[in-house]
Structures are given as C-alpha cells and as structure tokens.
file input-v6.cif (mmCIF, C-alpha atoms)
data_protein
#
loop_
_atom_site.label_atom_id
_atom_site.label_comp_id
_atom_site.auth_asym_id
_atom_site.auth_seq_id
_atom_site.Cartn_x
_atom_site.Cartn_y
_atom_site.Cartn_z
CA MET A 1 10.83 65.95 37.58
CA SER A 2 13.02 64.37 40.22
CA VAL A 3 11.77 60.91 39.25
CA VAL A 4 12.98 59.69 35.87
CA LEU A 5 10.02 58.25 33.98
CA THR A 6 10.31 55.82 31.11
CA PRO A 7 9.24 57.06 27.66
CA GLU A 8 6.05 55.03 28.06
CA GLN A 9 5.32 56.62 31.43
CA GLU A 10 5.99 60.08 30.03
CA GLN A 11 3.41 59.33 27.36
CA ILE A 12 0.90 58.19 29.97
CA ARG A 13 1.45 61.38 31.94
CA GLU A 14 1.16 63.60 28.86
CA ASN A 15 -1.96 61.84 27.59
CA VAL A 16 -3.74 61.90 30.94
CA LEU A 17 -2.93 65.57 31.51
CA LYS A 18 -4.27 66.34 28.04
CA LEU A 19 -7.45 64.36 28.73
CA CYS A 20 -7.91 66.19 32.03
CA GLN A 21 -7.82 69.55 30.26
CA GLN A 22 -11.40 68.80 29.21
CA PHE A 23 -12.28 68.87 32.93
CA GLY A 24 -10.74 72.06 34.23
CA ASP A 25 -11.01 74.01 37.46
CA ASP A 26 -14.57 75.18 36.76
CA TYR A 27 -15.76 71.61 36.21
CA TRP A 28 -14.41 70.41 39.57
CA LEU A 29 -15.65 73.53 41.35
CA GLU A 30 -19.14 72.82 39.99
CA ARG A 31 -18.95 69.19 41.11
CA ASP A 32 -17.78 70.30 44.55
CA THR A 33 -20.79 72.62 44.69
CA ASP A 34 -23.58 70.48 43.24
CA GLY A 35 -22.28 67.10 44.40
CA LYS A 36 -22.95 65.49 41.01
CA PHE A 37 -20.79 62.41 40.47
CA PRO A 38 -18.13 63.05 37.75
CA GLU A 39 -19.35 60.23 35.52
CA GLU A 40 -18.38 61.98 32.28
CA PHE A 41 -14.81 62.20 33.58
CA CYS A 42 -14.83 58.47 34.39
CA GLN A 43 -16.18 57.64 30.95
CA ALA A 44 -13.42 59.70 29.32
CA ILE A 45 -10.84 57.66 31.23
CA VAL A 46 -12.55 54.45 30.12
CA LYS A 47 -12.70 55.60 26.50
CA GLU A 48 -8.95 56.21 26.43
CA GLY A 49 -8.28 52.75 27.89
CA TYR A 50 -6.84 53.85 31.24
CA MET A 51 -9.37 52.27 33.61
CA GLY A 52 -7.69 48.90 33.24
CA ILE A 53 -4.13 50.21 33.31
CA ALA A 54 -3.01 47.72 36.00
CA MET A 55 -5.37 44.88 34.99
CA PRO A 56 -4.15 41.87 32.99
CA GLU A 57 -4.41 42.17 29.20
CA LYS A 58 -6.25 38.83 29.11
CA TYR A 59 -9.30 40.52 30.64
CA GLY A 60 -9.17 43.75 28.66
CA GLY A 61 -6.63 45.69 30.71
CA SER A 62 -3.26 47.14 29.77
CA GLY A 63 -1.20 44.81 31.94
CA LEU A 64 1.05 47.59 33.23
CA GLY A 65 2.62 47.99 36.66
CA ILE A 66 1.84 49.98 39.77
CA ALA A 67 4.44 52.57 38.80
CA ASP A 68 2.51 53.21 35.58
CA ALA A 69 -0.78 53.44 37.47
CA ALA A 70 0.88 55.85 39.91
CA VAL A 71 1.92 58.11 37.02
CA MET A 72 -1.69 58.16 35.88
CA ALA A 73 -3.09 58.83 39.37
CA GLN A 74 -0.64 61.67 39.91
CA ALA A 75 -1.44 63.29 36.57
CA ILE A 76 -5.15 63.26 37.46
CA THR A 77 -4.73 64.98 40.81
CA GLU A 78 -2.06 67.37 39.56
CA SER A 79 -4.39 68.53 36.77
CA GLY A 80 -6.66 70.08 39.40
CA ALA A 81 -9.09 67.18 39.61
CA GLY A 82 -7.65 66.58 43.05
CA ASN A 83 -8.75 63.78 45.31
CA ALA A 84 -12.23 63.81 43.77
CA GLY A 85 -10.88 62.74 40.39
CA PHE A 86 -8.70 60.07 41.94
CA ALA A 87 -11.41 58.69 44.24
CA ALA A 88 -13.96 58.44 41.45
CA LEU A 89 -11.73 55.90 39.70
CA ILE A 90 -9.52 54.13 42.21
CA ILE A 91 -11.50 50.95 42.84
CA GLY A 92 -11.83 50.45 39.09
CA ILE A 93 -8.09 50.90 38.66
CA PHE A 94 -6.83 48.63 41.41
CA GLY A 95 -9.60 47.78 43.86
CA LEU A 96 -10.21 44.33 42.42
CA ASN A 97 -6.61 43.25 42.85
CA PRO A 98 -7.72 40.44 45.22
CA VAL A 99 -9.80 39.02 42.36
CA VAL A 100 -6.85 39.31 39.96
CA VAL A 101 -4.50 37.51 42.34
CA PHE A 102 -6.74 35.07 44.22
CA GLY A 103 -9.88 34.69 42.11
CA SER A 104 -10.63 31.68 39.95
CA ASP A 105 -10.35 31.89 36.17
CA GLU A 106 -14.12 31.85 35.97
CA GLN A 107 -14.42 34.74 38.43
CA LYS A 108 -11.81 36.82 36.63
CA ASN A 109 -13.39 36.25 33.23
CA LYS A 110 -16.80 37.19 34.59
CA TRP A 111 -15.95 40.12 36.87
CA LEU A 112 -12.94 42.00 35.49
CA PRO A 113 -14.00 43.03 31.94
CA PRO A 114 -17.19 44.80 33.13
CA ILE A 115 -15.19 46.80 35.69
CA ILE A 116 -12.64 47.85 33.07
CA LYS A 117 -15.44 48.92 30.72
CA ARG A 118 -17.36 50.53 33.62
CA GLU A 119 -20.37 48.38 32.84
CA ASP A 120 -20.12 47.47 36.53
CA VAL A 121 -19.23 49.93 39.30
CA ALA A 122 -17.87 48.54 42.54
CA CYS A 123 -17.40 49.82 46.07
CA PHE A 124 -15.14 48.61 48.86
CA ALA A 125 -17.04 47.55 52.01
CA VAL A 126 -14.42 47.09 54.72
CA THR A 127 -14.42 49.73 57.48
CA GLU A 128 -16.97 49.43 60.28
CA PRO A 129 -18.18 52.09 62.73
CA ASN A 130 -17.18 50.24 65.89
CA THR A 131 -13.79 48.85 64.84
CA GLY A 132 -12.13 51.63 62.85
CA LEU A 133 -8.53 50.76 62.01
CA ASP A 134 -8.64 47.52 64.03
CA THR A 135 -9.72 45.61 60.92
CA THR A 136 -9.13 42.14 62.35
CA ARG A 137 -12.00 42.78 64.79
CA LEU A 138 -14.67 43.34 62.14
CA LYS A 139 -18.14 42.27 63.26
CA THR A 140 -20.13 41.88 60.01
CA ARG A 141 -21.10 38.20 59.76
CA ALA A 142 -21.52 35.95 56.75
CA VAL A 143 -23.22 32.75 57.91
CA TRP A 144 -23.53 29.67 55.67
CA ASP A 145 -27.08 28.32 55.79
CA GLY A 146 -26.43 25.21 53.68
CA ASP A 147 -27.32 26.94 50.42
CA LYS A 148 -25.75 30.41 50.55
CA TYR A 149 -24.07 32.89 52.86
CA VAL A 150 -26.35 35.31 54.68
CA VAL A 151 -24.67 38.60 55.59
CA ASN A 152 -25.61 40.99 58.38
CA GLY A 153 -23.69 44.00 59.64
CA ARG A 154 -22.69 47.62 59.12
CA LYS A 155 -20.02 49.33 57.05
CA ILE A 156 -18.96 52.95 57.01
CA TRP A 157 -16.96 55.31 54.77
CA THR A 158 -17.79 53.16 51.76
CA SER A 159 -17.03 55.34 48.74
CA THR A 160 -19.14 55.33 45.54
CA ALA A 161 -21.81 53.03 47.03
CA GLN A 162 -24.54 55.36 45.73
CA ARG A 163 -23.56 54.45 42.17
CA ALA A 164 -22.23 50.93 42.66
CA ASN A 165 -23.95 47.71 41.66
CA LYS A 166 -21.15 45.51 43.05
CA MET A 167 -19.13 45.46 46.24
CA LEU A 168 -15.94 43.92 47.52
CA LEU A 169 -17.03 42.84 50.98
CA ILE A 170 -15.09 41.44 53.90
CA ALA A 171 -17.10 39.65 56.57
CA ARG A 172 -16.56 37.23 59.42
CA THR A 173 -17.41 33.62 58.50
CA LYS A 174 -16.25 32.37 61.89
CA SER A 175 -16.65 34.12 65.21
CA GLU A 176 -13.55 35.25 67.08
CA GLU A 177 -14.20 32.50 69.65
CA GLU A 178 -13.92 29.84 66.92
CA THR A 179 -10.45 30.92 65.75
CA LYS A 180 -6.98 31.12 67.26
CA ARG A 181 -6.58 34.63 65.87
CA PRO A 182 -9.30 37.09 64.76
CA ILE A 183 -7.69 37.35 61.33
CA ASP A 184 -8.48 33.68 60.62
CA GLY A 185 -12.25 34.15 60.60
CA LEU A 186 -12.51 36.79 57.87
CA SER A 187 -13.53 36.01 54.30
CA LEU A 188 -13.66 38.13 51.16
CA PHE A 189 -16.54 38.30 48.70
CA TYR A 190 -17.29 40.10 45.46
CA THR A 191 -21.03 40.25 45.17
CA ASP A 192 -24.08 42.21 44.07
CA LEU A 193 -24.96 45.35 46.00
CA ASP A 194 -28.63 44.46 46.31
CA ARG A 195 -30.55 47.41 47.72
CA ASP A 196 -33.38 45.13 48.82
CA TYR A 197 -31.02 44.02 51.59
CA VAL A 198 -28.62 46.97 51.92
CA ASP A 199 -29.63 50.42 53.15
CA ILE A 200 -27.10 52.99 51.91
CA ARG A 201 -26.97 56.39 53.58
CA ALA A 202 -24.68 59.13 52.31
CA ILE A 203 -22.47 60.93 54.83
CA ASP A 204 -22.46 64.71 54.60
CA LYS A 205 -18.77 65.45 54.83
CA MET A 206 -16.08 68.10 54.71
CA GLY A 207 -14.72 67.63 51.20
CA ARG A 208 -14.95 65.69 47.94
CA LYS A 209 -18.69 66.23 47.75
CA CYS A 210 -19.07 64.71 44.29
CA VAL A 211 -17.68 61.30 45.32
CA ASP A 212 -20.05 59.91 47.91
CA SER A 213 -19.04 58.27 51.17
CA ASN A 214 -21.62 56.14 52.89
CA GLU A 215 -22.79 54.13 55.84
CA MET A 216 -24.27 50.76 54.89
CA PHE A 217 -26.74 48.65 56.87
CA ILE A 218 -26.75 45.04 55.64
CA ASP A 219 -29.71 42.86 56.60
CA ASP A 220 -29.87 39.19 55.51
CA LEU A 221 -28.03 39.80 52.23
CA PRO A 222 -27.83 36.48 50.31
CA VAL A 223 -24.39 35.80 48.83
CA PRO A 224 -23.82 32.74 46.60
CA LYS A 225 -20.90 30.42 47.31
CA GLU A 226 -19.34 31.32 43.96
CA HIS A 227 -18.96 34.93 45.12
CA LEU A 228 -16.38 33.89 47.73
CA ILE A 229 -12.85 34.86 46.67
CA GLY A 230 -10.28 32.14 47.33
CA GLU A 231 -10.60 30.21 50.55
CA GLU A 232 -12.88 30.89 53.46
CA GLY A 233 -11.06 32.51 56.37
CA LYS A 234 -8.23 34.01 54.30
CA GLY A 235 -9.95 37.23 53.26
CA PHE A 236 -7.87 39.57 55.39
CA ARG A 237 -4.66 38.08 54.03
CA TYR A 238 -5.96 38.68 50.51
CA LEU A 239 -6.56 42.32 51.36
CA LEU A 240 -3.07 42.67 52.84
CA HIS A 241 -1.56 41.63 49.52
CA GLY A 242 -2.84 44.81 47.89
CA LEU A 243 -2.25 47.27 50.72
CA ASN A 244 1.24 48.28 49.61
CA ALA A 245 -0.02 49.05 46.11
CA GLU A 246 -2.87 51.08 47.59
CA ARG A 247 -0.41 53.08 49.70
CA ILE A 248 1.73 53.76 46.62
CA LEU A 249 -1.16 54.98 44.48
CA ILE A 250 -2.41 57.21 47.28
CA SER A 251 1.10 58.62 47.78
CA ALA A 252 1.54 59.50 44.13
CA SER A 253 -1.92 61.02 43.96
CA MET A 254 -1.28 63.12 47.06
CA VAL A 255 1.93 64.50 45.60
CA GLY A 256 -0.09 65.51 42.53
CA LEU A 257 -2.62 67.31 44.71
CA GLY A 258 0.16 69.08 46.60
CA ARG A 259 1.70 70.17 43.32
CA ALA A 260 -1.62 71.53 42.08
CA ALA A 261 -1.88 73.69 45.20
CA LEU A 262 1.75 74.76 45.00
CA ASN A 263 1.40 75.78 41.34
CA LYS A 264 -1.66 77.89 42.17
CA ALA A 265 0.23 79.55 45.00
CA ALA A 266 3.35 80.27 42.95
CA THR A 267 1.29 81.76 40.12
CA TYR A 268 -0.61 83.99 42.53
CA ALA A 269 2.62 85.04 44.27
CA ARG A 270 4.15 86.10 40.95
CA GLU A 271 1.10 88.09 39.88
CA ARG A 272 -0.25 89.61 43.10
CA GLU A 273 1.25 93.02 43.95
CA VAL A 274 1.11 94.67 47.36
CA PHE A 275 3.13 97.74 48.37
CA GLY A 276 4.26 98.10 44.77
CA ARG A 277 5.93 94.69 44.40
CA PRO A 278 4.87 91.08 43.77
CA ILE A 279 4.32 89.25 47.04
CA GLY A 280 6.46 86.40 45.71
CA GLN A 281 9.47 88.69 46.10
CA ASN A 282 9.08 88.47 49.87
CA GLN A 283 10.96 85.68 51.60
CA SER A 284 8.06 85.09 53.98
CA ILE A 285 6.12 83.97 50.90
CA GLN A 286 9.02 82.30 49.08
CA HIS A 287 10.35 80.10 51.85
CA PRO A 288 7.17 78.17 52.75
CA LEU A 289 6.53 77.46 49.08
CA ALA A 290 10.12 76.39 48.51
CA GLU A 291 9.89 74.07 51.52
CA SER A 292 6.76 72.51 50.09
CA TRP A 293 8.44 71.95 46.73
CA ALA A 294 11.32 70.12 48.41
CA GLU A 295 9.04 68.05 50.65
CA LEU A 296 6.75 67.01 47.77
CA GLU A 297 9.72 65.97 45.64
CA ALA A 298 11.14 63.91 48.50
CA ALA A 299 7.80 62.18 49.03
CA ASN A 300 7.59 61.55 45.30
CA LEU A 301 10.98 59.84 45.31
CA MET A 302 9.83 57.53 48.09
CA ALA A 303 6.54 56.77 46.33
CA PHE A 304 8.15 55.79 43.06
CA ARG A 305 10.92 53.87 44.80
CA ALA A 306 8.20 51.85 46.51
CA ALA A 307 6.41 51.41 43.17
CA GLN A 308 9.61 50.16 41.55
CA MET A 309 10.14 47.66 44.35
CA TYR A 310 6.53 46.48 44.16
CA ASP A 311 6.74 45.92 40.40
CA ASN A 312 10.00 44.00 40.89
CA GLY A 313 8.35 41.69 43.40
CA GLU A 314 10.39 43.05 46.33
CA GLU A 315 9.09 43.56 49.85
CA CYS A 316 8.19 47.24 50.05
CA GLY A 317 6.03 47.65 53.16
CA LEU A 318 8.39 50.14 54.77
CA GLN A 319 8.76 52.24 51.65
CA ALA A 320 5.05 52.20 50.76
CA ASN A 321 3.99 53.24 54.24
CA ALA A 322 6.71 55.86 54.53
CA ALA A 323 5.67 57.26 51.15
CA LYS A 324 2.05 57.54 52.27
CA TYR A 325 3.09 59.31 55.46
CA LEU A 326 5.47 61.72 53.73
CA ALA A 327 3.09 62.51 50.88
CA ALA A 328 0.12 63.13 53.15
CA GLU A 329 2.05 65.46 55.45
CA ALA A 330 3.78 67.32 52.60
CA THR A 331 0.53 67.77 50.72
CA PHE A 332 -1.37 69.05 53.74
CA LYS A 333 1.41 71.58 54.31
CA SER A 334 1.50 72.56 50.63
CA CYS A 335 -2.27 73.11 50.53
CA THR A 336 -2.14 75.11 53.76
CA ASN A 337 0.68 77.24 52.35
CA ALA A 338 -1.33 77.78 49.17
CA VAL A 339 -4.30 79.12 51.13
CA MET A 340 -2.06 81.36 53.24
CA THR A 341 -0.27 82.68 50.15
CA HIS A 342 -3.61 83.75 48.68
CA GLY A 343 -4.48 85.53 51.91
CA GLY A 344 -8.20 86.27 52.16
CA MET A 345 -8.74 85.05 48.60
CA GLY A 346 -7.49 81.63 49.65
CA TYR A 347 -10.74 81.31 51.55
CA ALA A 348 -12.75 81.96 48.37
CA LYS A 349 -13.88 78.95 46.36
CA GLU A 350 -13.11 80.61 43.03
CA PHE A 351 -9.36 80.29 43.69
CA HIS A 352 -9.70 76.52 44.28
CA VAL A 353 -6.99 76.15 46.93
CA GLU A 354 -9.51 75.87 49.79
CA ARG A 355 -10.94 72.82 48.00
CA TYR A 356 -7.48 71.32 47.74
CA LEU A 357 -6.92 71.88 51.46
CA ARG A 358 -10.17 70.13 52.38
CA GLU A 359 -9.37 67.21 50.09
CA SER A 360 -5.81 66.90 51.41
CA LEU A 361 -7.17 65.84 54.79
CA ILE A 362 -8.81 62.70 53.42
CA HIS A 363 -5.65 60.68 52.92
CA ARG A 364 -3.94 62.26 55.86
CA LEU A 365 -6.57 60.42 57.89
CA ALA A 366 -7.23 57.33 55.79
CA PRO A 367 -6.98 54.50 54.98
CA ILE A 368 -4.41 54.43 57.76
CA SER A 369 -3.60 57.18 60.22
CA PRO A 370 -0.15 58.82 60.43
CA GLN A 371 0.16 57.53 64.00
CA LEU A 372 -0.28 53.91 62.95
CA ILE A 373 2.21 54.33 60.13
CA LEU A 374 4.79 55.73 62.54
CA SER A 375 4.18 52.84 64.94
CA TYR A 376 4.62 50.38 62.05
CA LEU A 377 7.87 52.04 60.97
CA ALA A 378 9.16 52.16 64.54
CA GLU A 379 8.58 48.43 64.91
CA ASN A 380 9.68 47.22 61.50
CA ALA A 381 12.42 49.69 60.57
CA LEU A 382 13.87 50.37 64.02
CA GLY A 383 13.14 47.15 65.88
CA LEU A 384 11.17 48.85 68.65
CA PRO A 385 8.53 46.92 70.61
CA LYS A 386 5.08 46.63 69.04
CA SER A 387 2.83 49.31 70.54
CA TYR A 388 -0.60 48.28 69.27
#
call {"tool": "encode", "arguments": {"input": "input-v6.cif", "output": "structure tokens"}}
result
Amino acid sequence: MSVVLTPEQEQIRENVLKLCQQFGDDYWLERDTDGKFPEEFCQAIVKEGYMGIAMPEKYGGSGLGIADAAVMAQAITESGAGNAGFAALIIGIFGLNPVVVFGSDEQKNKWLPPIIKREDVACFAVTEPNTGLDTTRLKTRAVWDGDKYVVNGRKIWTSTAQRANKMLLIARTKSEEETKRPIDGLSLFYTDLDRDYVDIRAIDKMGRKCVDSNEMFIDDLPVPKEHLIGEEGKGFRYLLHGLNAERILISASMVGLGRAALNKAATYAREREVFGRPIGQNQSIQHPLAESWAELEAANLMAFRAAQMYDNGEECGLQANAAKYLAAEATFKSCTNAVMTHGGMGYAKEFHVERYLRESLIHRLAPISPQLILSYLAENALGLPKSY
C-alpha cells in the first residue's frame, strides 16, 4: 500500500477483511437483488466491536481516530461489500459526532451506547427536496409551543429510515426573516422517529437497493426540549464540525470500492483469452487499468493525509474536500474500466462490476457535488472570488 499504516491499523484492516469474508460476492448480489437490509452484516460488525470505532471509550466505543475508521471503511468496500456495506453502517460509526462533541453528558450517556450496540438505529434527516445543496435555506420548521417543539416539513434521500427508530434532524427554529443570516436559525435535534407523525416513503433508485433511501413527510412531530443538541440556532455549525470527517470516510471507502472493481478487472484480464492470448496482454486493456491504479493510490494518499490532519486537530477542509473529489472521480473511472474490461460480461450481474459502477455514482453526486467542491477549492486554495 502507498499509505503506511500503523501496526494497529494493519490489524484493523486484516480483521475487517477477514470478517467480510463471511459476506462474499454472492451475499451482496443477493441483497442487491432482493433489497433485504444487510442486518446480519451489521450485527457481525457490532459483535467484533467495530461499530463504535470512533466513539469515546467512556460510552462503549474504541476511542480511535478518523484514520482508523477510514481503514475500516475502506476494508469493507474493498472486500466487495461496496457502498452498500459502508452505507449500512456509516451513521452508527460517525453520524452522531455532533452529539459526541456538543451534546450534554446526560445526552451522551443516554444516546451513544445504544447506537454502538445497535439497540438503536439512527438516520440523518438533513436534505430537503426544494433546497438541495443549499443547506442554509432549509424550510423544515421546529416551533416551540411553550412545552415542546413541533416539527413540520419534508426531507429527502434519508438513508436507513425504514429501519431507524431515531433520527438526527436539522430544522429551522427561527425564520430567515428573524435572523441576520439563514444559518443562524437552524437547530439540531436527536429524537425519536415516530411514525405516527412521520410518513416514510422509500425511493426506488439506481443502486444500493438493500440500503434504503427515503422521502420523509413530517407532520406535527413533538420533540422534547431535551432532544435539542447544544444551543438553539447553532445546529448548522454543529454539522459543519463533522463534515471534514465525513468527507474523509467517504473518500477512503470510495478508494476501496475502486480497488474492488480494479481487482475484478485485472483478474478477468489475466484469465480471459481471445485470439489465443490473455486480453491483459493488450495495452488497450493494460493502460486504462494502470491509470486507475495510479489515480486510486493518489486519492488514497490525499484521504489519509486529510485523516492524519484531522486527528492532529489541524484544519483540513482543503484536503478532505480534495480527497472526496479525487476518490469519487478515480473510482467512477475504475468501475467504468472494470465493466469495459469484461466486455459484454461486464453488463452481467454475476460478474459484480456493474453493481460497483452503479454504486460508484452515489458519492460522485453526494453529499456534495464535484462542482461545488471545485468551487470551494478555487476560492479557498487559489483565492478566486466566491461563485455561489
């Protein structure tokens, strides 16, 4: 590997890859076909103590860093579990970071252990259908009625909501007209996903069938005061604190997915013979795969550099966003090359690379588009005028 892992990280990687051998290609092909949530996979991760890898030891976690969590995420995707394996777990691994950093001791003691043990399952209710990436303009309202907050609004692309009993919810506690900046009116809650007040509708989508994505319609959901994280009006700032870590974990996981596709392609190229010779002997096959290897390794270097900076308490916004951009583009190219290397068989589900290609698009699009990342880098790395 181009990134030098510590002995402890090597052990994490080895152990997670070994665990994932129980859930091979056929398992993930079946889940992609039947859409059944990979709960047994999640429980295996919990049993081995990895769900709380980046959570404080005080609450039952391992107390390790983002670099360690990135090693784990990458091993999962590289095993062939792909984005489905990563997405099934991610909010349990790091999604409650705002609670860890900004929650009260009482909230952390109450909320974190059940997530680590998977006694609770949470979802992340942020994106809305009419605001997209313009998160500061969210419209979902949480109005204080003297006794509790009452929430009304819509959320979209909320993963795992079909299984969740909890949600991390951002909502507007003050209208835009009441604040100097839209960001000042947003508050963050961790509360019950009460289906008496929330209608959850699954979105039929392109890939990752076994990990649901949903649209949510929230009508008069009561939220107790004690479910507010930190101070009212600072919710968006709390989310920002964890965005770099999210970018890093996504980057590492994408590199793993790209490697899974590349390994399939290289194996097929060595074994498949046409015109009396292995197709991997042809430079038209070799060169695209070699390019993908180089691009994935470069993205991996950026991802783990960002992880190192994050764990050292250094500002790493540029590196984390660049890593997400590089990993997403390199992985999409690697998965495309894998399908093309397989020729017609790349279109067949039994060879798995078409599934990788579909899943590679998820984090090319989200949670931030490549265009917004490039605009951010242009402004903050090159000093160009803000364009959005």
call {"tool": "atom_distance", "arguments": {"input": "input-v6.cif", "atom1": "CA of Thr6 (chain A)", "atom2": "CA of Gly258 (chain A)"}}
result
22.8 Å
call {"tool": "atom_distance", "arguments": {"input": "input-v6.cif", "atom1": "CA of Val151 (chain A)", "atom2": "CA of Gly233 (chain A)"}}
result
14.9 Å
call {"tool": "closest_residue", "arguments": {"input": "input-v6.cif", "among": "A:Gly235, A:Leu168, A:Arg154, A:Ile248", "to": "Glu215 (chain A)", "atoms": "only C-alpha atoms"}}
result
A:Arg154
call {"tool": "resolve_selection", "arguments": {"input": "input-v6.cif", "expression": "the PyMOL selection byres ((chain A and resi 144) around 10)", "output": "VMD selection string"}}
result
chain A and resid 141 to 143 145 to 151 173 to 174 222 to 225
call {"tool": "resolve_selection", "arguments": {"input": "input-v6.cif", "expression": "the PyMOL selection byres ((chain A and resi 321) around 8)", "output": "MDAnalysis selection string"}}
result
chainID A and resid 244 247:248 317:320 322:325 373 377
call {"tool": "resolve_selection", "arguments": {"input": "input-v6.cif", "expression": "the PyMOL selection byres ((chain A and resi 56) around 12)", "output": "list in words"}}
result
Met51, Gly52, Ile53, Ala54, Met55, Glu57, Lys58, Tyr59, Gly60, Gly61, Ser62, Gly63, Leu64, Gly65, Ile93, Phe94, Leu96, Asn97, Val99, Val100, Val101, Lys108, Asn109, Leu112, Pro113 and Ile116 of chain A
call {"tool": "residues_around", "arguments": {"input": "input-v6.cif", "residues": "region 81-91 of chain A", "least_positions_apart": "5", "cutoff": "7 Å", "atoms": "only C-alpha atoms", "output": "number ranges by chain"}}
result
A: 28, 42, 73, 76, 96, 122-123, 208, 210-211, 257, 356, 359
call {"tool": "residues_around", "arguments": {"input": "input-v6.cif", "residues": "Ala161 (chain A)", "least_positions_apart": "2", "cutoff": "7 Å", "atoms": "all atoms listed in the file", "output": "JSON, numbers by chain"}}
result
{"A": [123, 158, 159, 163, 164, 214]}
call {"tool": "closest_residue", "arguments": {"input": "input-v6.cif", "among": "A:Leu384, A:Leu29, A:Ala44, A:Ala70", "to": "Ala307 (chain A)", "atoms": "only C-alpha atoms"}}
result
A:Ala70
call {"tool": "residues_around", "arguments": {"input": "input-v6.cif", "residues": "Lys155 (chain A)", "least_positions_apart": "6", "cutoff": "6 Å", "atoms": "only C-alpha atoms", "output": "PyMOL selection string"}}
result
chain A and resi 127-128+215-216
call {"tool": "write_last_selection", "arguments": {"input": "input-v6.cif", "atoms": "C-alpha atoms", "output": "JSON list (two decimals), keeping the file's coordinate frame"}}
result
[["chain", "number", "residue", "atom", "x", "y", "z"],
["A", 127, "THR", "CA", -14.42, 49.73, 57.48],
["A", 128, "GLU", "CA", -16.97, 49.43, 60.28],
["A", 215, "GLU", "CA", -22.79, 54.13, 55.84],
["A", 216, "MET", "CA", -24.27, 50.76, 54.89]]
call {"tool": "atom_distance", "arguments": {"input": "input-v6.cif", "atom1": "CA of Lys36 (chain A)", "atom2": "CA of Cys335 (chain A)"}}
result
24.0 Å
call {"tool": "closest_residue", "arguments": {"input": "input-v6.cif", "among": "A:Asn380, A:Glu315, A:Ala327, A:Phe275", "to": "Trp293 (chain A)", "atoms": "all atoms listed in the file"}}
result
A:Ala327
call {"tool": "build_atoms", "arguments": {"input": "input-v6.cif", "residues": "region 319-331 of chain A", "atoms": "N, CA and C atoms", "output": "short mmCIF file (atom, residue, chain, number, x, y, z; two decimals), keeping the file's coordinate frame"}}
result
data_model
loop_
_atom_site.label_atom_id
_atom_site.label_comp_id
_atom_site.auth_asym_id
_atom_site.auth_seq_id
_atom_site.Cartn_x
_atom_site.Cartn_y
_atom_site.Cartn_z
N GLN A 319 8.71 51.13 52.61
CA GLN A 319 8.76 52.24 51.65
C GLN A 319 7.35 52.73 51.30
N ALA A 320 6.41 51.81 51.12
CA ALA A 320 5.05 52.20 50.76
C ALA A 320 4.38 52.99 51.88
N ASN A 321 4.58 52.54 53.12
CA ASN A 321 3.99 53.24 54.24
C ASN A 321 4.68 54.58 54.50
N ALA A 322 5.99 54.60 54.37
CA ALA A 322 6.71 55.86 54.53
C ALA A 322 6.29 56.86 53.46
N ALA A 323 6.10 56.38 52.24
CA ALA A 323 5.67 57.26 51.15
C ALA A 323 4.29 57.86 51.44
N LYS A 324 3.39 57.03 51.95
CA LYS A 324 2.05 57.54 52.27
C LYS A 324 2.13 58.59 53.36
N TYR A 325 2.93 58.34 54.37
CA TYR A 325 3.09 59.31 55.46
C TYR A 325 3.69 60.62 54.94
N LEU A 326 4.79 60.53 54.22
CA LEU A 326 5.47 61.72 53.73
C LEU A 326 4.60 62.52 52.77
N ALA A 327 3.92 61.82 51.86
CA ALA A 327 3.09 62.51 50.88
C ALA A 327 1.90 63.20 51.53
N ALA A 328 1.28 62.53 52.49
CA ALA A 328 0.12 63.13 53.15
C ALA A 328 0.52 64.38 53.92
N GLU A 329 1.63 64.31 54.66
CA GLU A 329 2.05 65.46 55.45
C GLU A 329 2.52 66.60 54.54
N ALA A 330 3.28 66.28 53.51
CA ALA A 330 3.78 67.32 52.60
C ALA A 330 2.64 67.99 51.86
N THR A 331 1.64 67.21 51.48
CA THR A 331 0.53 67.77 50.72
C THR A 331 -0.36 68.64 51.60
#
